[in-house]
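Text of query_12.txt (compact mmCIF, C-alpha atoms) as supplied:
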```
# COMPACT_ATOMS: atom_id res chain seq x y z
CA MET W 430 -89.80 -11.01 152.83
CA LEU W 431 -91.80 -8.51 154.92
CA LYS W 432 -90.65 -10.17 158.15
CA LEU W 433 -87.04 -10.05 156.98
CA ASP W 434 -87.33 -6.33 156.13
CA LYS W 435 -88.71 -5.59 159.61
CA THR W 436 -85.85 -7.53 161.18
CA LYS W 437 -83.28 -5.60 159.13
CA ARG W 438 -84.87 -2.27 160.09
CA ALA W 439 -84.85 -3.23 163.78
CA ILE W 440 -81.17 -4.20 163.62
CA ALA W 441 -80.31 -0.95 161.81
CA LEU W 442 -82.20 1.10 164.42
CA LYS W 443 -80.38 -0.65 167.27
CA ARG W 444 -77.05 0.06 165.59
CA ARG W 445 -77.90 3.76 165.18
CA VAL W 446 -78.95 4.07 168.84
CA ALA W 447 -75.80 2.28 169.96
CA GLY W 448 -73.71 4.55 167.74
CA VAL W 449 -75.26 7.70 169.19
CA ALA W 450 -74.76 6.43 172.75
CA ALA W 451 -71.13 5.60 172.02
CA ALA W 452 -70.54 9.05 170.50
CA VAL W 453 -72.05 10.80 173.52
CA GLY W 454 -69.96 8.66 175.85
CA LEU W 455 -66.80 9.47 173.89
CA MET W 456 -67.56 13.21 173.95
CA ALA W 457 -68.12 13.09 177.70
CA SER W 458 -64.86 11.22 178.26
CA LEU W 459 -63.03 13.88 176.25
CA GLY W 460 -64.62 16.68 178.24
CA VAL W 461 -66.67 17.94 175.29
CA ALA W 462 -69.86 19.72 176.35
CA THR W 463 -73.03 18.09 175.08
CA ALA W 464 -76.46 19.66 174.80
CA PRO W 465 -78.50 19.60 178.02
CA SER W 466 -81.64 17.52 178.19
CA ALA W 467 -85.00 19.14 177.60
CA SER W 468 -85.52 19.35 181.37
CA ALA W 469 -82.22 21.21 181.95
CA THR W 470 -83.86 24.62 182.02
CA SER W 471 -83.30 25.93 185.56
CA PHE W 472 -80.14 27.55 186.89
CA VAL W 473 -79.49 26.14 190.35
CA CYS W 474 -77.15 26.67 193.27
CA ASN W 475 -76.56 23.49 195.27
CA HIS W 476 -74.79 23.20 198.61
CA TRP W 477 -73.60 20.39 200.83
CA GLY W 478 -71.31 19.71 203.78
CA GLY W 479 -73.76 21.01 206.36
CA VAL W 480 -73.79 24.62 205.10
CA ASP W 481 -77.10 26.48 205.12
CA GLY W 482 -76.94 27.58 201.50
CA SER W 483 -77.19 31.29 202.32
CA LYS W 484 -74.33 32.11 199.95
CA CYS W 485 -76.61 31.17 197.06
CA GLN W 486 -78.44 34.43 197.79
CA HIS W 487 -75.28 36.49 197.26
CA GLN W 488 -74.21 35.99 193.66
CA GLY W 489 -73.50 38.51 190.91
CA SER W 490 -74.70 38.57 187.32
CA LEU W 491 -74.14 40.54 184.12
CA HIS W 492 -76.66 40.68 181.29
CA THR W 493 -76.39 41.62 177.63
CA GLY W 494 -76.97 45.26 176.85
CA GLY W 495 -75.19 46.34 180.03
CA GLU W 496 -72.36 48.87 180.19
CA TRP W 497 -70.14 49.52 183.21
CA SER W 498 -67.42 52.03 184.01
CA GLY W 499 -64.12 51.45 185.76
CA GLY W 500 -64.63 50.68 189.45
CA SER W 501 -67.66 48.42 188.92
CA ARG W 502 -67.76 45.21 190.94
CA TRP W 503 -69.83 42.04 191.41
CA ASN W 504 -69.63 40.28 194.77
CA THR W 505 -70.37 36.89 196.21
CA SER W 506 -69.79 36.04 199.86
CA ASP W 507 -66.26 34.81 199.10
CA MET W 508 -64.97 36.67 196.04
CA VAL W 509 -65.35 39.80 193.96
CA LEU W 510 -65.10 40.43 190.22
CA LYS W 511 -63.73 43.95 189.69
CA PHE W 512 -63.57 46.05 186.56
CA GLN W 513 -60.71 48.21 187.68
CA GLY W 514 -59.88 51.78 186.83
CA ASP W 515 -56.87 50.56 184.84
CA GLY W 516 -59.15 48.54 182.53
CA ASN W 517 -58.31 45.12 183.95
CA LEU W 518 -61.16 42.74 184.85
CA VAL W 519 -59.97 40.72 187.85
CA LEU W 520 -61.43 38.06 190.15
CA TYR W 521 -60.20 38.30 193.76
CA CYS W 522 -60.71 36.10 196.82
CA LEU W 523 -62.16 37.95 199.79
CA HIS W 524 -60.80 35.57 202.44
CA GLY W 525 -57.54 33.78 203.06
CA GLY W 526 -57.30 30.07 203.80
CA TYR W 527 -56.98 26.70 202.14
CA SER W 528 -58.17 26.47 198.53
CA GLU W 529 -59.81 23.15 197.67
CA GLY W 530 -59.52 23.94 193.98
CA LEU W 531 -55.83 24.87 194.02
CA HIS W 532 -54.78 22.55 196.88
CA ARG W 533 -52.81 25.29 198.61
CA ASN W 534 -53.29 28.25 200.90
CA VAL W 535 -54.35 31.54 199.31
CA SER W 536 -54.33 35.05 200.71
CA ALA W 537 -57.22 37.46 201.09
CA GLY W 538 -57.15 39.72 198.05
CA GLU W 539 -55.28 37.21 195.90
CA ALA W 540 -56.23 37.31 192.21
CA MET W 541 -57.60 34.07 190.77
CA TRP W 542 -58.22 35.26 187.20
CA ALA W 543 -57.69 38.42 185.14
CA SER W 544 -58.45 39.61 181.62
CA GLY W 545 -54.84 40.75 181.41
CA HIS W 546 -55.31 44.30 180.19
CA SER W 547 -53.87 47.07 182.31
CA ASN W 548 -53.03 50.48 180.88
CA GLN W 549 -49.80 51.74 182.38
CA SER W 550 -48.94 54.29 179.71
CA TRP W 551 -47.55 57.58 180.98
CA ILE W 552 -47.52 59.04 177.47
CA HIS W 553 -51.22 58.47 176.79
CA PRO W 554 -52.88 57.74 180.13
CA PRO W 555 -56.52 56.68 179.77
CA ILE W 556 -59.24 59.15 180.62
CA GLY W 557 -61.99 56.54 180.67
CA GLU W 558 -62.59 52.78 180.90
CA LYS W 559 -65.78 50.88 180.09
CA LEU W 560 -67.01 47.31 179.88
CA ASP W 561 -69.74 46.44 177.36
CA PHE W 562 -71.78 43.24 177.23
CA TRP W 563 -73.00 43.37 173.66
CA THR W 564 -76.31 41.87 172.55
CA ASP W 565 -74.39 39.29 170.49
CA GLY W 566 -73.17 37.83 173.80
CA ASN W 567 -69.61 39.14 173.71
CA LEU W 568 -68.13 40.92 176.72
CA ALA W 569 -65.52 43.53 175.78
CA SER W 570 -63.52 46.31 177.42
CA TYR W 571 -62.58 49.68 175.97
CA GLU W 572 -60.56 52.68 177.02
CA ALA W 573 -60.47 56.31 175.97
CA THR W 574 -57.26 58.29 175.70
CA ASP W 575 -58.56 61.15 173.56
CA GLN W 576 -61.53 63.43 173.17
CA THR W 577 -63.12 64.75 170.01
CA ALA W 578 -63.41 68.45 169.28
CA LEU W 579 -66.90 68.26 170.77
CA GLY W 580 -65.56 66.81 174.00
CA GLN W 581 -66.75 63.24 173.36
CA LEU W 582 -64.55 60.33 174.37
CA GLU W 583 -62.96 58.24 171.63
CA TRP W 584 -63.08 54.58 172.66
CA TYR W 585 -60.51 51.94 171.70
CA TYR W 586 -60.96 48.19 172.03
CA THR W 587 -58.65 46.51 174.58
CA TRP W 588 -60.00 42.99 175.34
CA ASP W 589 -62.95 40.65 174.84
CA LEU W 590 -64.19 37.12 175.62
CA LYS W 591 -64.43 36.16 171.94
CA ARG W 592 -67.79 34.50 172.50
CA TRP W 593 -70.91 35.39 170.50
CA PRO W 594 -73.76 33.16 171.74
CA GLY W 595 -76.52 35.77 171.32
CA ALA W 596 -78.67 38.13 173.34
CA SER W 597 -79.93 35.47 175.76
CA ALA W 598 -76.42 35.00 177.18
CA TRP W 599 -75.60 36.09 180.71
CA ILE W 600 -72.61 35.87 183.03
CA ALA W 601 -72.86 34.47 186.55
CA VAL W 602 -70.41 35.28 189.34
CA GLN W 603 -71.15 32.05 191.16
CA ALA W 604 -71.10 30.86 194.75
CA ASP W 605 -68.96 27.88 193.66
CA GLY W 606 -66.07 30.19 192.74
CA ASN W 607 -66.49 30.14 188.97
CA VAL W 608 -67.39 33.00 186.64
CA VAL W 609 -69.37 31.50 183.75
CA GLU W 610 -71.05 32.78 180.62
CA TRP W 611 -74.25 30.80 180.04
CA ALA W 612 -76.37 30.61 176.90
CA ASN W 613 -79.37 28.33 176.39
CA GLY W 614 -78.43 26.24 179.41
CA GLN W 615 -74.84 25.65 178.30
CA ALA W 616 -71.57 27.13 179.50
CA VAL W 617 -69.81 28.90 176.63
CA TRP W 618 -66.96 30.39 178.68
CA ALA W 619 -65.62 30.03 182.24
CA SER W 620 -62.84 31.48 184.37
CA ASN W 621 -62.03 27.92 185.52
CA THR W 622 -61.77 29.04 189.14
CA TYR W 623 -64.13 26.42 190.58
CA HIS W 624 -63.59 26.15 194.37
CA SER W 625 -60.45 28.30 194.12
CA CYS W 626 -61.46 30.86 196.76
CA PRO W 627 -61.87 29.65 200.36
CA GLY W 628 -65.55 29.35 201.25
CA THR W 629 -66.70 28.25 197.79
CA GLU W 630 -65.91 24.55 198.25
CA ASN W 631 -69.38 23.51 199.45
CA TYR W 632 -71.25 24.94 196.48
CA TRP W 633 -72.02 23.99 192.89
CA ASN W 634 -73.83 26.01 190.20
CA GLY W 635 -75.26 24.91 186.88
CA TYR W 636 -78.37 24.06 184.88
CA GLN W 637 -80.57 21.10 185.73
```

Could you render the structure as C-alpha cells?
Amino acid sequence: MLKLDKTKRAIALKRRVAGVAAAVGLMASLGVATAPSASATSFVCNHWGGVDGSKCQHQGSLHTGGEWSGGSRWNTSDMVLKFQGDGNLVLYCLHGGYSEGLHRNVSAGEAMWASGHSNQSWIHPPIGEKLDFWTDGNLASYEATDQTALGQLEWYYTWDLKRWPGASAWIAVQADGNVVEWANGQAVWASNTYHSCPGTENYWNGYQ
C-alpha cells in the first residue's frame, strides 16, 4: 500500500509539472507576459550587426517622483521623446531612412508615437504644462489655464498611462527604439515603436 501511494504521488506531481509547463507555453504563444526568472534582475542593452554598442550609453530615463515642464526632452542617439509646450508627449525620429520596424522609409522628425493631447484652445489657452511621474507608477500630464487669487496655477488633468505598478517603476527611452515602463523586471507599458526609427535596428533592451 505504501509503494502504491508513492507511485500515485509521483504520477500526480508529474501531471502538475506538465500542467504548469503547458500553461506557460500557452501564455507565451498568446503573447502574455510571464514573470521573469529569479536571475532576470539586470537591465541590459544588447547590440549586434557589427555596431560598437556606443548608443547604449545614450539612453533616457524617467523615475517616479519626477516632475517636468513643457519643453522637456529625453534623447537617444536616434530619437527624442518630447514633452511639448502644447502638452503633447511625442516620440520623434532624429534621422531619416529605412525603418526595419515599419518596413518603409521614414523622415527625420517624423512622429512615431504621441500621447494625443494638444491644447489648441484660443478661448482658454494654457499658461502652463507639466508632466508628473507619481510614486504609484503612473505618468500623467496636466495643464493650467487659470490662476488663483494668490497667483498660483490651477492644474487640470489631461492624459495618463493608466498604469500603477508602484514606486519602483521607471521609464526607459531605449536604444532599440521603444519607450517602456518597467517594474520589477517586467514591462507594464510600451510605445510599441521597437526598431521604428532608423539606427535602432541593431539594438535590444530588456531584463536578463

Each residue of segment 523-581 of chain W lying at most 7 Å from segment 496-514 of chain W should get a row with its shortest atom-to-atom pair and the distance in Å to one decimal, counting all atoms listed in the file; could you produce that, ordered by chain and increasing number, as JSON lines?
```
{"residue": "W:Leu523", "atom": "CA", "partner": "W:Met508", "partner_atom": "CA", "distance": 4.9}
{"residue": "W:His524", "atom": "CA", "partner": "W:Asp507", "partner_atom": "CA", "distance": 6.4}
{"residue": "W:Glu558", "atom": "CA", "partner": "W:Gly499", "partner_atom": "CA", "distance": 5.3}
{"residue": "W:Lys559", "atom": "CA", "partner": "W:Ser498", "partner_atom": "CA", "distance": 4.4}
{"residue": "W:Leu560", "atom": "CA", "partner": "W:Trp497", "partner_atom": "CA", "distance": 5.1}
{"residue": "W:Asp561", "atom": "CA", "partner": "W:Glu496", "partner_atom": "CA", "distance": 4.6}
{"residue": "W:Phe562", "atom": "CA", "partner": "W:Glu496", "partner_atom": "CA", "distance": 6.4}
```

Hey, can you spit out that residue selection with C-alpha atoms as a PDB file, in the frame of the given file?
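Result saved to out37.pdb:
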```
ATOM      1  CA  LEU W 523     -62.160  37.950 199.790  1.00  0.00           C
ATOM      2  CA  HIS W 524     -60.800  35.570 202.440  1.00  0.00           C
ATOM      3  CA  GLU W 558     -62.590  52.780 180.900  1.00  0.00           C
ATOM      4  CA  LYS W 559     -65.780  50.880 180.090  1.00  0.00           C
ATOM      5  CA  LEU W 560     -67.010  47.310 179.880  1.00  0.00           C
ATOM      6  CA  ASP W 561     -69.740  46.440 177.360  1.00  0.00           C
ATOM      7  CA  PHE W 562     -71.780  43.240 177.230  1.00  0.00           C
TER       8      PHE W 562
END
```

Point to revise | Neighbour list for segment 602-609 of chain W as number ranges by chain, cut-off 9 Å, all atoms listed in the file, skip fewer than 4 positions in-chain | key: W: 474-476, 484-491, 503-510, 520, 522, 616-634

- Message: With only C-alpha atoms as the counted atoms, please give the residues lying no more than 9 Å from Asn613 of chain W, apart from itself and same-chain residues fewer than 6 positions off, as an NGL selection string.
- Response: :W and (465 or 470 or 594 or 597-598)

Those selected residues, please, written with C-alpha atoms and delivered as a PDB file, in the frame of the given file.
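Below is the file out-v3.pdb, written as the result:
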```
ATOM      1  CA  PRO W 465     -78.500  19.600 178.020  1.00  0.00           C
ATOM      2  CA  THR W 470     -83.860  24.620 182.020  1.00  0.00           C
ATOM      3  CA  PRO W 594     -73.760  33.160 171.740  1.00  0.00           C
ATOM      4  CA  SER W 597     -79.930  35.470 175.760  1.00  0.00           C
ATOM      5  CA  ALA W 598     -76.420  35.000 177.180  1.00  0.00           C
TER       6      ALA W 598
END
```

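When atom CA of Trp542 of chain W is paired with atom CA of Tyr586 of chain W, their separation reads 20.1 Å.
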
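With atom CA of Trp593 of chain W on one side and atom CA of Ala540 of chain W on the other, the separation reads 26.3 Å.
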
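Closest approach to Lys591 of chain W from the set W:Met541, W:Val480, W:Ala569, W:Ala612 is made by W:Ala569, with distances taken over all atoms listed in the file.
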
In terms of only C-alpha atoms, the residue from W:Pro555, W:Gly530, W:Gly495, W:Gly479 at minimal distance from Asn567 of chain W is W:Gly495

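Of note, atom CA of Gln637 of chain W and atom CA of Gly478 of chain W are spaced 20.3 Å apart.
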
If we count all atoms listed in the file, what is near Asn517 of chain W at a cut-off of 7 Å, once residues fewer than 3 positions away on the same chain are taken out, given as a CSV table (one decimal) with C-alpha atoms, in the coordinates of the input?
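Final output, saved to selection_0.csv:
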```csv
chain,number,residue,atom,x,y,z
W,512,PHE,CA,-63.6,46.0,186.6
W,513,GLN,CA,-60.7,48.2,187.7
W,543,ALA,CA,-57.7,38.4,185.1
W,544,SER,CA,-58.4,39.6,181.6
W,545,GLY,CA,-54.8,40.8,181.4
W,546,HIS,CA,-55.3,44.3,180.2
W,547,SER,CA,-53.9,47.1,182.3
```

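Residue nearest Thr493 of chain W within the list W:Leu579, W:Leu568, W:Val519, W:Ala601: W:Leu568 [criterion: smallest interatomic distance, all atoms listed in the file].
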
#### Entry: Residue neighbourhood Gly557 of chain W, 9 Å, only C-alpha atoms, exclusion window fewer than 5 positions, as a list of chain:residue names
W:Ser498, W:Gly499, W:Gly514, W:Asp515, W:Gly516, W:Tyr571, W:Glu572, W:Ala573, W:Thr574, W:Leu582, W:Trp584

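Residue nearest Asp589 of chain W within the list W:Trp477, W:Glu539, W:Thr577, W:Leu518: W:Leu518 [criterion: smallest interatomic distance, only C-alpha atoms].
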